[in-house]
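Next comes run.cif, a file with mmCIF, C-alpha atoms.
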data_input
#
loop_
_atom_site.group_PDB
_atom_site.id
_atom_site.type_symbol
_atom_site.label_atom_id
_atom_site.label_comp_id
_atom_site.auth_asym_id
_atom_site.auth_seq_id
_atom_site.Cartn_x
_atom_site.Cartn_y
_atom_site.Cartn_z
ATOM 1 C CA MET A 1017 -100.387 -6.467 7.131
ATOM 2 C CA LYS A 1018 -101.406 -9.934 6.059
ATOM 3 C CA THR A 1019 -99.670 -12.826 7.833
ATOM 4 C CA SER A 1020 -99.310 -16.453 6.860
ATOM 5 C CA ILE A 1021 -97.758 -19.218 8.984
ATOM 6 C CA ARG A 1022 -96.849 -22.469 7.247
ATOM 7 C CA THR A 1023 -95.393 -25.560 8.882
ATOM 8 C CA ARG A 1024 -93.760 -28.746 7.629
ATOM 9 C CA GLY A 1025 -92.890 -31.562 10.015
ATOM 10 C CA VAL A 1026 -93.478 -29.392 13.092
ATOM 11 C CA THR A 1027 -95.629 -30.772 15.903
ATOM 12 C CA GLU A 1028 -95.681 -27.910 18.415
ATOM 13 C CA GLY A 1029 -99.437 -27.885 18.967
ATOM 14 C CA ASP A 1030 -102.017 -25.114 19.245
ATOM 15 C CA GLU A 1031 -99.867 -22.689 21.247
ATOM 16 C CA LEU A 1032 -97.420 -22.152 18.372
ATOM 17 C CA ARG A 1033 -99.639 -19.934 16.176
ATOM 18 C CA PRO A 1034 -100.418 -17.330 18.906
ATOM 19 C CA TYR A 1035 -96.719 -17.262 19.840
ATOM 20 C CA VAL A 1036 -95.637 -16.573 16.241
ATOM 21 C CA GLU A 1037 -98.352 -13.924 15.800
ATOM 22 C CA ARG A 1038 -97.273 -12.157 19.012
ATOM 23 C CA ARG A 1039 -93.628 -12.162 17.905
ATOM 24 C CA LEU A 1040 -94.676 -10.879 14.453
ATOM 25 C CA ARG A 1041 -96.515 -7.935 16.017
ATOM 26 C CA PHE A 1042 -93.466 -7.179 18.121
ATOM 27 C CA ALA A 1043 -91.030 -7.339 15.186
ATOM 28 C CA PHE A 1044 -93.163 -5.593 12.535
ATOM 29 C CA GLY A 1045 -95.708 -3.545 14.505
ATOM 30 C CA ARG A 1046 -94.183 -0.156 13.766
ATOM 31 C CA PHE A 1047 -93.882 -1.041 10.055
ATOM 32 C CA ALA A 1048 -97.397 -2.463 9.615
ATOM 33 C CA ALA A 1049 -98.383 0.309 7.191
ATOM 34 C CA ARG A 1050 -95.366 -0.386 4.938
ATOM 35 C CA VAL A 1051 -95.471 -4.218 5.016
ATOM 36 C CA ASP A 1052 -98.024 -5.875 2.748
ATOM 37 C CA GLU A 1053 -97.487 -9.490 3.789
ATOM 38 C CA VAL A 1054 -95.301 -11.595 6.047
ATOM 39 C CA ILE A 1055 -94.911 -15.321 5.411
ATOM 40 C CA VAL A 1056 -93.365 -17.459 8.158
ATOM 41 C CA ARG A 1057 -92.291 -20.996 7.244
ATOM 42 C CA LEU A 1058 -91.425 -23.395 10.056
ATOM 43 C CA THR A 1059 -89.668 -26.626 9.154
ATOM 44 C CA ASP A 1060 -88.172 -29.525 11.077
ATOM 45 C CA VAL A 1061 -85.176 -30.230 8.842
ATOM 46 C CA ASN A 1062 -83.686 -33.249 10.643
ATOM 47 C CA GLY A 1063 -86.883 -34.932 11.788
ATOM 48 C CA PRO A 1064 -86.375 -37.241 14.782
ATOM 49 C CA ARG A 1065 -82.553 -37.086 14.546
ATOM 50 C CA GLY A 1066 -82.368 -33.796 16.484
ATOM 51 C CA GLY A 1067 -79.590 -31.228 16.183
ATOM 52 C CA ASP A 1068 -80.027 -27.740 14.741
ATOM 53 C CA GLY A 1069 -82.924 -28.967 12.698
ATOM 54 C CA MET A 1070 -85.590 -26.351 13.342
ATOM 55 C CA ARG A 1071 -85.686 -23.717 10.628
ATOM 56 C CA CYS A 1072 -87.684 -20.496 10.525
ATOM 57 C CA ARG A 1073 -87.810 -18.586 7.255
ATOM 58 C CA VAL A 1074 -89.433 -15.141 7.215
ATOM 59 C CA GLU A 1075 -90.379 -13.350 4.016
ATOM 60 C CA ALA A 1076 -91.599 -9.773 4.436
ATOM 61 C CA ARG A 1077 -93.053 -8.211 1.305
ATOM 62 C CA LEU A 1078 -92.712 -4.451 1.488
ATOM 63 C CA ARG A 1079 -95.025 -2.044 -0.301
ATOM 64 C CA GLY A 1080 -93.239 -0.822 -3.422
ATOM 65 C CA LEU A 1081 -89.901 -2.451 -2.503
ATOM 66 C CA ALA A 1082 -88.208 -5.829 -2.806
ATOM 67 C CA ALA A 1083 -89.033 -8.564 -0.314
ATOM 68 C CA VAL A 1084 -86.816 -9.108 2.727
ATOM 69 C CA VAL A 1085 -86.041 -12.799 3.321
ATOM 70 C CA VAL A 1086 -84.352 -14.069 6.493
ATOM 71 C CA GLU A 1087 -83.731 -17.628 7.650
ATOM 72 C CA ASP A 1088 -82.424 -18.974 10.953
ATOM 73 C CA ARG A 1089 -81.862 -22.431 12.398
ATOM 74 C CA ALA A 1090 -81.752 -23.636 15.983
ATOM 75 C CA SER A 1091 -82.322 -26.801 17.961
ATOM 76 C CA ASN A 1092 -85.437 -25.283 19.572
ATOM 77 C CA LEU A 1093 -88.273 -24.049 17.343
ATOM 78 C CA ARG A 1094 -89.111 -21.025 19.511
ATOM 79 C CA HIS A 1095 -85.470 -19.964 19.507
ATOM 80 C CA ALA A 1096 -85.360 -20.196 15.701
ATOM 81 C CA ILE A 1097 -88.553 -18.095 15.519
ATOM 82 C CA ASP A 1098 -87.135 -15.455 17.876
ATOM 83 C CA LEU A 1099 -83.844 -15.224 15.956
ATOM 84 C CA ALA A 1100 -85.432 -15.030 12.514
ATOM 85 C CA LEU A 1101 -88.113 -12.500 13.422
ATOM 86 C CA ALA A 1102 -85.644 -10.247 15.244
ATOM 87 C CA ARG A 1103 -83.325 -10.269 12.214
ATOM 88 C CA ALA A 1104 -86.235 -9.710 9.828
ATOM 89 C CA GLY A 1105 -87.426 -6.713 11.855
ATOM 90 C CA ARG A 1106 -83.945 -5.169 11.767
ATOM 91 C CA SER A 1107 -83.616 -5.874 8.039
ATOM 92 C CA VAL A 1108 -86.963 -4.234 7.271
ATOM 93 C CA ALA A 1109 -86.019 -1.198 9.385
ATOM 94 C CA ARG A 1110 -82.717 -0.896 7.531
ATOM 95 C CA GLU A 1111 -84.373 -1.257 4.107
ATOM 96 C CA LEU A 1112 -87.006 1.378 4.886
ATOM 97 C CA ALA A 1113 -84.359 3.751 6.297
ATOM 98 C CA ARG A 1114 -82.355 3.424 3.080
ATOM 99 C CA ARG A 1115 -85.377 4.450 1.050
ATOM 100 C CA ARG A 1116 -86.076 7.497 3.254
ATOM 101 C CA GLU A 1117 -82.566 8.943 3.192
ATOM 102 C CA PRO A 1118 -81.659 11.011 0.153
ATOM 103 C CA ARG A 1119 -78.614 9.814 -1.736
ATOM 104 C CA ARG A 1120 -75.554 11.948 -1.159
ATOM 105 C CA VAL A 1121 -73.508 12.364 -4.286
ATOM 106 C CA GLY A 1122 -69.789 12.709 -3.873
ATOM 107 C CA ALA A 1123 -69.710 12.283 -0.114
ATOM 108 C CA GLY A 1124 -66.243 11.153 0.874
ATOM 109 C CA ALA A 1125 -65.007 11.063 -2.707
ATOM 110 C CA TRP A 1126 -61.614 12.400 -3.690
ATOM 111 C CA ASN A 1127 -61.842 15.496 -5.828
#
Before we go any further, please render this structure as structure tokens.
Amino acid sequence: MKTSIRTRGVTEGDELRPYVERRLRFAFGRFAARVDEVIVRLTDVNGPRGGDGMRCRVEARLRGLAAVVVEDRASNLRHAIDLALARAGRSVARELARRREPRRVGAGAWN
């Protein structure tokens, strides 16, 4: 699983990259064989004005399937990262589960 972390307007320092990588391993570790690439984009939307201006966008490209894209905003960058990666992990799990289950034809349909 290839990972890429991109920032725009974020000044968190050197401890941010290891934090994001640790959270990525936690969210996608069990799917590493099925995920080709994960791109994390961190942006300070409001700049010095504050507010819910920290955005984390996660794009997980799955092998042989469509990409899963999740975005969350929070006032704290780490909180935005936690929210987005947790949602992305659940979304990837759901997408992979859909592909594993055989389609049931006529289940619940009126005959």
Surrounding residues of A:Leu1101 excluding itself and chain neighbours under 6 positions, 12 Å, all atoms listed in the file, as number ranges by chain: A: 1035-1045, 1054-1058, 1071-1076, 1084-1089, 1094-1095, 1107-1108
Proximity to A:Arg1050 - best of A:Ile1021, A:Ala1090, A:Leu1112, A:Gly1105, all atoms listed in the file: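 Of A:Ile1021, A:Ala1090, A:Leu1112, A:Gly1105, the one nearest A:Arg1050 is A:Leu1112, counting all atoms listed in the file.
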Residue nearest A:Arg1114 among A:Met1070, A:Val1061, A:Leu1032, A:Leu1081 (counting all atoms listed in the file):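 For A:Arg1114, the nearest of the candidates is A:Leu1081.
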Gap from atom CA of A:Phe1047 to atom CA of A:Arg1110 - Å, one decimal: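 According to the coordinates, atom CA of A:Phe1047 and atom CA of A:Arg1110 are separated by 11.4 Å.
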Atomic separation - atom CA of A:Glu1053 relative to atom CA of A:Arg1077, Å: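 Going from atom CA of A:Arg1077 over to atom CA of A:Glu1053, I get 5.2 Å.
Counting from atom CA of A:Ala1048, the distance to atom CA of A:Met1017 is 5.6 Å.
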For a cut-off of 10 Å around (-87.4, -0.2, -3.3), file coordinates, pick out all residues using all atoms listed in the file and list them as a short mmCIF file (atom, residue, chain, number, x, y, z; two decimals) with C-alpha atoms, in the coordinates of the input.
data_model
loop_
_atom_site.label_atom_id
_atom_site.label_comp_id
_atom_site.auth_asym_id
_atom_site.auth_seq_id
_atom_site.Cartn_x
_atom_site.Cartn_y
_atom_site.Cartn_z
CA LEU A 1078 -92.71 -4.45 1.49
CA ARG A 1079 -95.02 -2.04 -0.30
CA GLY A 1080 -93.24 -0.82 -3.42
CA LEU A 1081 -89.90 -2.45 -2.50
CA ALA A 1082 -88.21 -5.83 -2.81
CA ALA A 1083 -89.03 -8.56 -0.31
CA GLU A 1111 -84.37 -1.26 4.11
CA LEU A 1112 -87.01 1.38 4.89
CA ARG A 1114 -82.36 3.42 3.08
CA ARG A 1115 -85.38 4.45 1.05
#
